[in-house]
>>> print(open('work_11.csv').read())   # CSV, N, CA and C atoms
chain,number,residue,atom,x,y,z
A,1,MET,N,33.5,102.0,34.8
A,1,MET,CA,34.4,101.5,35.8
A,1,MET,C,34.9,102.7,36.7
A,2,ALA,N,35.0,102.5,38.0
A,2,ALA,CA,35.5,103.5,38.9
A,2,ALA,C,37.0,103.6,38.7
A,3,GLN,N,37.5,104.9,38.9
A,3,GLN,CA,38.9,105.2,38.8
A,3,GLN,C,39.6,104.7,40.1
A,4,ALA,N,40.8,104.4,40.0
A,4,ALA,CA,41.6,104.1,41.1
A,4,ALA,C,42.3,105.4,41.6
A,5,VAL,N,42.6,105.5,42.8
A,5,VAL,CA,43.3,106.7,43.4
A,5,VAL,C,44.7,106.4,43.8
A,6,GLN,N,45.5,107.4,43.7
A,6,GLN,CA,46.9,107.3,44.0
A,6,GLN,C,47.1,107.0,45.5
A,7,VAL,N,48.0,106.2,45.9
A,7,VAL,CA,48.3,105.9,47.3
A,7,VAL,C,49.3,106.9,47.7
A,8,ASP,N,48.8,108.0,48.3
A,8,ASP,CA,49.6,109.2,48.5
A,8,ASP,C,50.8,109.0,49.5
A,9,PHE,N,50.6,108.2,50.5
A,9,PHE,CA,51.6,108.0,51.6
A,9,PHE,C,52.9,107.4,51.0
A,10,LEU,N,52.8,106.7,49.9
A,10,LEU,CA,54.0,106.2,49.2
A,10,LEU,C,54.8,107.2,48.5
A,11,VAL,N,54.1,108.2,48.0
A,11,VAL,CA,54.8,109.3,47.2
A,11,VAL,C,55.7,110.1,48.1
A,12,SER,N,55.3,110.3,49.3
A,12,SER,CA,56.1,111.1,50.2
A,12,SER,C,57.3,110.4,50.8
A,13,GLY,N,57.3,109.1,50.6
A,13,GLY,CA,58.5,108.3,51.1
A,13,GLY,C,58.2,107.7,52.5
A,14,GLN,N,58.8,106.5,52.6
A,14,GLN,CA,58.7,105.8,53.9
A,14,GLN,C,60.1,105.7,54.6
A,15,VAL,N,60.0,105.7,55.9
A,15,VAL,CA,61.3,105.6,56.7
A,15,VAL,C,61.1,104.5,57.7
A,16,ASP,N,62.3,103.9,58.2
A,16,ASP,CA,62.2,102.9,59.2
A,16,ASP,C,62.1,103.6,60.6
A,17,SER,N,62.2,102.8,61.6
A,17,SER,CA,62.0,103.3,63.0
A,17,SER,C,63.1,104.2,63.4
A,18,SER,N,64.3,104.2,62.7
A,18,SER,CA,65.4,105.1,63.0
A,18,SER,C,65.4,106.3,62.1
A,19,GLY,N,64.4,106.5,61.2
A,19,GLY,CA,64.3,107.6,60.4
A,19,GLY,C,65.0,107.5,59.1
A,20,ASN,N,65.6,106.3,58.8
A,20,ASN,CA,66.3,106.1,57.5
A,20,ASN,C,65.3,105.7,56.4
A,21,ARG,N,65.5,106.2,55.2
A,21,ARG,CA,64.6,105.9,54.2
A,21,ARG,C,64.5,104.4,53.9
A,22,LEU,N,63.4,103.9,53.6
A,22,LEU,CA,63.1,102.5,53.5
A,22,LEU,C,63.4,102.1,52.0
A,23,GLU,N,64.7,102.0,51.8
A,23,GLU,CA,65.3,101.7,50.5
A,23,GLU,C,64.8,100.3,50.0
A,24,ALA,N,64.2,100.2,48.9
A,24,ALA,CA,63.7,98.9,48.4
A,24,ALA,C,62.8,98.1,49.3
A,25,GLY,N,62.1,98.9,50.2
A,25,GLY,CA,61.1,98.3,51.0
A,25,GLY,C,60.0,97.7,50.3
A,26,LEU,N,59.2,96.8,50.9
A,26,LEU,CA,58.1,96.1,50.3
A,26,LEU,C,56.8,96.5,50.9
A,27,VAL,N,55.9,96.8,50.0
A,27,VAL,CA,54.5,97.2,50.5
A,27,VAL,C,53.5,96.2,50.0
A,28,TYR,N,52.8,95.6,50.9
A,28,TYR,CA,51.8,94.6,50.6
A,28,TYR,C,50.5,95.2,50.7
A,29,PHE,N,49.6,94.9,49.8
A,29,PHE,CA,48.2,95.4,49.8
A,29,PHE,C,47.3,94.2,49.9
A,30,TYR,N,46.5,94.1,51.0
A,30,TYR,CA,45.6,93.0,51.2
A,30,TYR,C,44.1,93.4,51.2
A,31,GLU,N,43.3,92.4,51.0
A,31,GLU,CA,41.8,92.6,51.3
A,31,GLU,C,41.7,92.8,52.8
A,32,THR,N,40.5,93.2,53.2
A,32,THR,CA,40.3,93.5,54.6
A,32,THR,C,40.5,92.4,55.6
A,33,ASP,N,40.6,91.1,55.0
A,33,ASP,CA,40.9,90.0,55.9
A,33,ASP,C,42.4,89.9,56.3
A,34,GLY,N,43.2,90.8,55.7
A,34,GLY,CA,44.6,90.9,56.0
A,34,GLY,C,45.5,89.7,55.5
A,35,THR,N,44.9,88.8,54.7
A,35,THR,CA,45.7,87.7,54.2
A,35,THR,C,45.7,87.5,52.7
A,36,THR,N,44.6,88.0,52.1
A,36,THR,CA,44.4,87.8,50.7
A,36,THR,C,44.9,89.1,49.9
A,37,LEU,N,45.9,88.9,49.0
A,37,LEU,CA,46.5,90.0,48.3
A,37,LEU,C,45.4,90.6,47.4
A,38,LYS,N,45.4,92.0,47.4
A,38,LYS,CA,44.4,92.7,46.6
A,38,LYS,C,45.0,93.4,45.4
A,39,THR,N,44.4,93.5,44.3
A,39,THR,CA,44.9,94.2,43.1
A,39,THR,C,45.2,95.6,43.3
A,40,ILE,N,46.4,96.1,42.9
A,40,ILE,CA,46.7,97.5,42.8
A,40,ILE,C,47.1,97.8,41.3
A,41,TRP,N,47.2,99.0,40.9
A,41,TRP,CA,47.4,99.4,39.5
A,41,TRP,C,48.6,100.4,39.4
A,42,GLU,N,49.1,100.4,38.2
A,42,GLU,CA,50.1,101.4,37.9
A,42,GLU,C,49.6,102.8,37.4
A,43,ASP,N,48.2,102.8,37.2
A,43,ASP,CA,47.6,104.0,36.7
A,43,ASP,C,46.2,104.1,37.2
A,44,GLY,N,45.7,105.3,37.2
A,44,GLY,CA,44.3,105.6,37.8
A,44,GLY,C,43.2,105.0,36.9
A,45,ALA,N,43.4,104.7,35.7
A,45,ALA,CA,42.4,104.1,34.8
A,45,ALA,C,42.3,102.6,34.9
A,46,LYS,N,43.2,102.1,35.7
A,46,LYS,CA,43.3,100.6,36.0
A,46,LYS,C,43.5,99.8,34.7
A,47,GLU,N,44.4,100.3,33.9
A,47,GLU,CA,44.8,99.6,32.7
A,47,GLU,C,45.9,98.6,32.8
A,48,ALA,N,46.8,98.9,33.8
A,48,ALA,CA,47.9,98.0,34.1
A,48,ALA,C,48.0,97.7,35.6
A,49,THR,N,48.0,96.4,35.9
A,49,THR,CA,48.1,96.0,37.3
A,49,THR,C,49.6,96.2,37.7
A,50,ALA,N,49.8,96.5,39.0
A,50,ALA,CA,51.1,96.6,39.6
A,50,ALA,C,51.4,95.4,40.4
A,51,SER,N,52.7,95.1,40.5
A,51,SER,CA,53.1,93.9,41.3
A,51,SER,C,52.8,94.2,42.8
A,52,ASN,N,52.4,93.1,43.4
A,52,ASN,CA,52.0,93.1,44.8
A,52,ASN,C,52.7,92.0,45.5
A,53,PRO,N,53.8,92.2,46.3
A,53,PRO,CA,54.1,93.5,46.9
A,53,PRO,C,54.7,94.5,45.9
A,54,HIS,N,54.6,95.7,46.3
A,54,HIS,CA,55.2,96.8,45.5
A,54,HIS,C,56.6,97.1,46.1
A,55,THR,N,57.6,97.2,45.3
A,55,THR,CA,58.9,97.5,45.8
A,55,THR,C,59.2,99.0,45.8
A,56,LEU,N,59.6,99.6,46.9
A,56,LEU,CA,59.9,101.0,46.9
A,56,LEU,C,61.2,101.4,46.3
A,57,SER,N,61.4,102.6,45.9
A,57,SER,CA,62.6,103.1,45.2
A,57,SER,C,63.7,103.2,46.3
A,58,SER,N,64.9,103.6,45.8
A,58,SER,CA,66.0,103.8,46.7
A,58,SER,C,65.7,105.0,47.7
A,59,ALA,N,64.8,105.8,47.4
A,59,ALA,CA,64.4,106.9,48.2
A,59,ALA,C,63.2,106.6,49.1
A,60,GLY,N,62.8,105.3,49.0
A,60,GLY,CA,61.7,104.8,49.9
A,60,GLY,C,60.3,105.3,49.4
A,61,THR,N,60.2,105.7,48.1
A,61,THR,CA,59.0,106.1,47.5
A,61,THR,C,58.4,105.1,46.6
A,62,GLY,N,57.1,105.3,46.2
A,62,GLY,CA,56.5,104.5,45.3
A,62,GLY,C,55.3,105.2,44.7
A,63,GLN,N,54.8,104.7,43.6
A,63,GLN,CA,53.6,105.2,43.0
A,63,GLN,C,52.7,104.1,42.5
A,64,VAL,N,51.6,103.9,43.2
A,64,VAL,CA,50.6,102.9,42.8
A,64,VAL,C,49.2,103.5,43.0
A,65,PHE,N,48.2,102.8,42.5
A,65,PHE,CA,46.8,103.3,42.6
A,65,PHE,C,46.0,102.2,43.1
A,66,ALA,N,45.0,102.5,43.9
A,66,ALA,CA,44.1,101.5,44.6
A,66,ALA,C,42.7,101.9,44.4
A,67,ASP,N,41.8,101.0,44.6
A,67,ASP,CA,40.3,101.2,44.5
A,67,ASP,C,39.7,100.4,45.6
A,68,GLY,N,39.2,101.1,46.7
A,68,GLY,CA,38.5,100.4,47.7
A,68,GLY,C,39.2,100.4,49.0
A,69,ILE,N,38.9,99.5,49.9
A,69,ILE,CA,39.6,99.4,51.2
A,69,ILE,C,40.6,98.4,51.3
A,70,TYR,N,41.8,98.7,51.8
A,70,TYR,CA,42.9,97.8,51.9
A,70,TYR,C,43.5,97.7,53.3
A,71,VAL,N,44.1,96.6,53.6
A,71,VAL,CA,45.1,96.5,54.7
A,71,VAL,C,46.4,96.6,54.1
A,72,VAL,N,47.3,97.6,54.5
A,72,VAL,CA,48.6,97.8,53.9
A,72,VAL,C,49.6,97.5,54.9
A,73,VAL,N,50.6,96.7,54.5
A,73,VAL,CA,51.8,96.3,55.4
A,73,VAL,C,53.0,96.7,54.7
A,74,VAL,N,53.9,97.5,55.4
A,74,VAL,CA,55.1,98.0,54.9
A,74,VAL,C,56.2,97.2,55.6
A,75,LYS,N,57.2,96.7,54.8
A,75,LYS,CA,58.3,95.9,55.4
A,75,LYS,C,59.6,96.4,54.8
A,76,THR,N,60.7,96.1,55.5
A,76,THR,CA,62.0,96.4,54.9
A,76,THR,C,62.3,95.5,53.8
A,77,SER,N,63.3,95.7,53.0
A,77,SER,CA,63.7,94.9,51.9
A,77,SER,C,63.9,93.5,52.3
A,78,GLY,N,64.3,93.2,53.5
A,78,GLY,CA,64.6,91.9,54.0
A,78,GLY,C,63.4,91.2,54.6
A,79,GLY,N,62.2,92.0,54.6
A,79,GLY,CA,61.0,91.4,55.1
A,79,GLY,C,60.8,91.8,56.5
>>> encode(input="work_11.csv", output="C-alpha cells")
Amino acid sequence: MAQAVQVDFLVSGQVDSSGNRLEAGLVYFYETDGTTLKTIWEDGAKEATASNPHTLSSAGTGQVFADGIYVVVVKTSGG
C-alpha cells in the first residue's frame, strides 16, 4: 500500500485575510469533484484515519496525511 504524505501547508499555520492565525479553523478535504469528502490520515502509514474536516490548533496549525489529489477548503471556526 502506498504511503500517505504530510500536508505541509498545515504545519506552517494558516491565517485569515487580516493576518490573524486561524484558531480552530476547519480544513475540509474533498475528492476532485469538490463535494465528496475524501479520507485523510493521522499517520503516513495510513493506520488511523483523521476526522474530516480537520480542526486546526489555537496556532492555526495541523498535521494530517493525504494520498492522491484533493480539493482543500479552509474555513474559520465559524464556517
>>> axis_aligned_box(input="work_11.csv", around="segment 47-56 of chain A", padding_each_side="3 Å", output="lines of an AutoDock Vina configuration file")
center_x = 52.8
center_y = 96.7
center_z = 39.8
size_x = 22.8
size_y = 15.4
size_z = 20.2
>>> closest_residue(input="work_11.csv", among="A:Gly34, A:Ser18, A:Glu42, A:Ala2", to="Gln63 of chain A", atoms="all atoms listed in the file")
A:Glu42
>>> closest_residue(input="work_11.csv", among="A:Ala48, A:Glu23, A:Asp67, A:Thr55", to="Val5 of chain A", atoms="only N, CA and C atoms")
A:Asp67
>>> select_by_dssp(input="work_11.csv", residues="chain A", states="helix (DSSP H, G or I)", output="NGL selection string")
:A and (8-11)
>>> select_by_dssp(input="work_11.csv", residues="chain A", states="strand (DSSP E or B)", output="number ranges by chain")
A: 5-6, 15, 21, 26-30, 37, 41, 49, 54-55, 65-66, 71-75
>>> atom_distance(input="work_11.csv", atom1="atom CA of Gly68 of chain A", atom2="atom N of Val15 of chain A")
23.6 Å
>>> residues_around(input="work_11.csv", residues="Asn52 of chain A", least_positions_apart="2", cutoff="7 Å", atoms="all atoms listed in the file", output="ChimeraX atom specification")
/A:27-29,40,50,54-55
>>> residues_around(input="work_11.csv", residues="Ser77 of chain A", least_positions_apart="2", cutoff="7 Å", atoms="only N, CA and C atoms", output="ChimeraX atom specification")
/A:22-26,75,79
>>> write_last_selection(input="work_11.csv", atoms="N, CA and C atoms", output="short mmCIF file (atom, residue, chain, number, x, y, z; two decimals), in the frame of the given file")
data_model
loop_
_atom_site.label_atom_id
_atom_site.label_comp_id
_atom_site.auth_asym_id
_atom_site.auth_seq_id
_atom_site.Cartn_x
_atom_site.Cartn_y
_atom_site.Cartn_z
N LEU A 22 63.40 103.90 53.60
CA LEU A 22 63.10 102.50 53.50
C LEU A 22 63.40 102.10 52.00
N GLU A 23 64.70 102.00 51.80
CA GLU A 23 65.30 101.70 50.50
C GLU A 23 64.80 100.30 50.00
N ALA A 24 64.20 100.20 48.90
CA ALA A 24 63.70 98.90 48.40
C ALA A 24 62.80 98.10 49.30
N GLY A 25 62.10 98.90 50.20
CA GLY A 25 61.10 98.30 51.00
C GLY A 25 60.00 97.70 50.30
N LEU A 26 59.20 96.80 50.90
CA LEU A 26 58.10 96.10 50.30
C LEU A 26 56.80 96.50 50.90
N LYS A 75 57.20 96.70 54.80
CA LYS A 75 58.30 95.90 55.40
C LYS A 75 59.60 96.40 54.80
N GLY A 79 62.20 92.00 54.60
CA GLY A 79 61.00 91.40 55.10
C GLY A 79 60.80 91.80 56.50
#
>>> closest_residue(input="work_11.csv", among="A:Leu37, A:Tyr70, A:Glu47, A:Thr76", to="Asp16 of chain A", atoms="only N, CA and C atoms")
A:Thr76
>>> closest_residue(input="work_11.csv", among="A:Gln6, A:Thr49, A:Asn20, A:Thr36", to="Ala66 of chain A", atoms="all atoms listed in the file")
A:Gln6
>>> atom_distance(input="work_11.csv", atom1="atom CA of Leu56 of chain A", atom2="atom C of Thr32 of chain A")
22.9 Å
>>> closest_residue(input="work_11.csv", among="A:Ile69, A:Ala45, A:Gly62, A:Thr35", to="Gly13 of chain A", atoms="only N, CA and C atoms")
A:Gly62
>>> closest_residue(input="work_11.csv", among="A:Gln14, A:Ser57, A:Phe65, A:Arg21", to="Thr39 of chain A", atoms="only N, CA and C atoms")
A:Phe65
>>> atom_distance(input="work_11.csv", atom1="atom CA of Val72 of chain A", atom2="atom CA of Asp43 of chain A")
18.3 Å
>>> decode(input="work_11.csv", residues="chain A", atoms="C-alpha atoms", output="PDB file, in the first residue's frame")
ATOM      1  CA  MET A   1       0.000   0.000   0.000  1.00  0.00           C
ATOM      2  CA  ALA A   2       1.257   3.493  -0.837  1.00  0.00           C
ATOM      3  CA  GLN A   3       2.313   5.789   1.960  1.00  0.00           C
ATOM      4  CA  ALA A   4       0.402   8.979   2.651  1.00  0.00           C
ATOM      5  CA  VAL A   5       2.343  12.261   2.694  1.00  0.00           C
ATOM      6  CA  GLN A   6       2.143  15.045   5.239  1.00  0.00           C
ATOM      7  CA  VAL A   7       0.043  18.044   4.224  1.00  0.00           C
ATOM      8  CA  ASP A   8       2.833  20.582   4.697  1.00  0.00           C
ATOM      9  CA  PHE A   9       0.865  23.820   4.361  1.00  0.00           C
ATOM     10  CA  LEU A  10      -0.996  22.992   7.589  1.00  0.00           C
ATOM     11  CA  VAL A  11       2.200  22.532   9.599  1.00  0.00           C
ATOM     12  CA  SER A  12       3.306  26.111   8.901  1.00  0.00           C
ATOM     13  CA  GLY A  13      -0.019  27.544  10.093  1.00  0.00           C
ATOM     14  CA  GLN A  14      -2.948  29.254   8.452  1.00  0.00           C
ATOM     15  CA  VAL A  15      -4.033  32.876   8.788  1.00  0.00           C
ATOM     16  CA  ASP A  16      -7.168  34.779   7.857  1.00  0.00           C
ATOM     17  CA  SER A  17      -7.323  37.687   5.398  1.00  0.00           C
ATOM     18  CA  SER A  18      -6.204  40.079   8.181  1.00  0.00           C
ATOM     19  CA  GLY A  19      -3.129  38.001   9.008  1.00  0.00           C
ATOM     20  CA  ASN A  20      -4.526  36.603  12.275  1.00  0.00           C
ATOM     21  CA  ARG A  21      -3.882  32.930  12.945  1.00  0.00           C
ATOM     22  CA  LEU A  22      -6.832  30.754  12.042  1.00  0.00           C
ATOM     23  CA  GLU A  23      -7.550  29.486  15.544  1.00  0.00           C
ATOM     24  CA  ALA A  24      -9.666  26.297  15.467  1.00  0.00           C
ATOM     25  CA  GLY A  25     -10.187  26.732  11.732  1.00  0.00           C
ATOM     26  CA  LEU A  26     -11.722  23.883   9.761  1.00  0.00           C
ATOM     27  CA  VAL A  27      -9.975  22.216   6.832  1.00  0.00           C
ATOM     28  CA  TYR A  28     -12.107  20.096   4.505  1.00  0.00           C
ATOM     29  CA  PHE A  29     -10.550  17.532   2.156  1.00  0.00           C
ATOM     30  CA  TYR A  30     -12.631  16.577  -0.894  1.00  0.00           C
ATOM     31  CA  GLU A  31     -12.392  14.313  -3.914  1.00  0.00           C
ATOM     32  CA  THR A  32     -11.694  16.238  -7.119  1.00  0.00           C
ATOM     33  CA  ASP A  33     -15.451  16.734  -7.576  1.00  0.00           C
ATOM     34  CA  GLY A  34     -15.274  19.237  -4.698  1.00  0.00           C
ATOM     35  CA  THR A  35     -18.276  17.762  -2.872  1.00  0.00           C
ATOM     36  CA  THR A  36     -17.363  14.235  -1.732  1.00  0.00           C
ATOM     37  CA  LEU A  37     -15.237  14.128   1.434  1.00  0.00           C
ATOM     38  CA  LYS A  38     -12.002  12.175   0.934  1.00  0.00           C
ATOM     39  CA  THR A  39     -10.134  10.169   3.576  1.00  0.00           C
ATOM     40  CA  ILE A  40      -7.150  11.706   5.368  1.00  0.00           C
ATOM     41  CA  TRP A  41      -4.948  10.040   7.980  1.00  0.00           C
ATOM     42  CA  GLU A  42      -3.181  10.802  11.244  1.00  0.00           C
ATOM     43  CA  ASP A  43      -0.041   8.970  10.085  1.00  0.00           C
ATOM     44  CA  GLY A  44       1.887   8.263   6.905  1.00  0.00           C
ATOM     45  CA  ALA A  45       1.306   4.505   7.137  1.00  0.00           C
ATOM     46  CA  LYS A  46      -2.459   5.131   6.909  1.00  0.00           C
ATOM     47  CA  GLU A  47      -3.154   3.185  10.086  1.00  0.00           C
ATOM     48  CA  ALA A  48      -5.526   5.739  11.631  1.00  0.00           C
ATOM     49  CA  THR A  49      -7.985   7.932   9.752  1.00  0.00           C
ATOM     50  CA  ALA A  50      -8.278  11.567  10.757  1.00  0.00           C
ATOM     51  CA  SER A  51     -11.515  13.488  11.132  1.00  0.00           C
ATOM     52  CA  ASN A  52     -12.646  15.404   8.082  1.00  0.00           C
ATOM     53  CA  PRO A  53     -12.986  18.305   8.483  1.00  0.00           C
ATOM     54  CA  HIS A  54      -9.726  18.640  10.384  1.00  0.00           C
ATOM     55  CA  THR A  55      -9.749  21.235  13.179  1.00  0.00           C
ATOM     56  CA  LEU A  56      -6.677  23.460  13.392  1.00  0.00           C
ATOM     57  CA  SER A  57      -4.929  24.198  16.688  1.00  0.00           C
ATOM     58  CA  SER A  58      -5.020  27.537  18.510  1.00  0.00           C
ATOM     59  CA  ALA A  59      -1.935  28.456  16.463  1.00  0.00           C
ATOM     60  CA  GLY A  60      -3.747  27.667  13.205  1.00  0.00           C
ATOM     61  CA  THR A  61      -1.647  24.562  12.567  1.00  0.00           C
ATOM     62  CA  GLY A  62      -2.485  20.951  11.878  1.00  0.00           C
ATOM     63  CA  GLN A  63      -0.879  17.663  10.993  1.00  0.00           C
ATOM     64  CA  VAL A  64      -2.597  15.201   8.684  1.00  0.00           C
ATOM     65  CA  PHE A  65      -1.511  12.933   5.857  1.00  0.00           C
ATOM     66  CA  ALA A  66      -3.026  12.516   2.395  1.00  0.00           C
ATOM     67  CA  ASP A  67      -2.691  10.190  -0.588  1.00  0.00           C
ATOM     68  CA  GLY A  68      -3.675  11.400  -4.032  1.00  0.00           C
ATOM     69  CA  ILE A  69      -5.295  14.537  -5.385  1.00  0.00           C
ATOM     70  CA  TYR A  70      -7.596  16.598  -3.166  1.00  0.00           C
ATOM     71  CA  VAL A  71      -9.624  19.771  -3.261  1.00  0.00           C
ATOM     72  CA  VAL A  72      -8.902  21.520   0.044  1.00  0.00           C
ATOM     73  CA  VAL A  73     -11.154  24.178   1.593  1.00  0.00           C
ATOM     74  CA  VAL A  74     -10.041  26.130   4.667  1.00  0.00           C
ATOM     75  CA  LYS A  75     -12.678  27.933   6.747  1.00  0.00           C
ATOM     76  CA  THR A  76     -12.822  29.861  10.002  1.00  0.00           C
ATOM     77  CA  SER A  77     -14.076  28.067  13.105  1.00  0.00           C
ATOM     78  CA  GLY A  78     -17.485  29.598  12.389  1.00  0.00           C
ATOM     79  CA  GLY A  79     -17.508  28.229   8.854  1.00  0.00           C
TER      80      GLY A  79
END
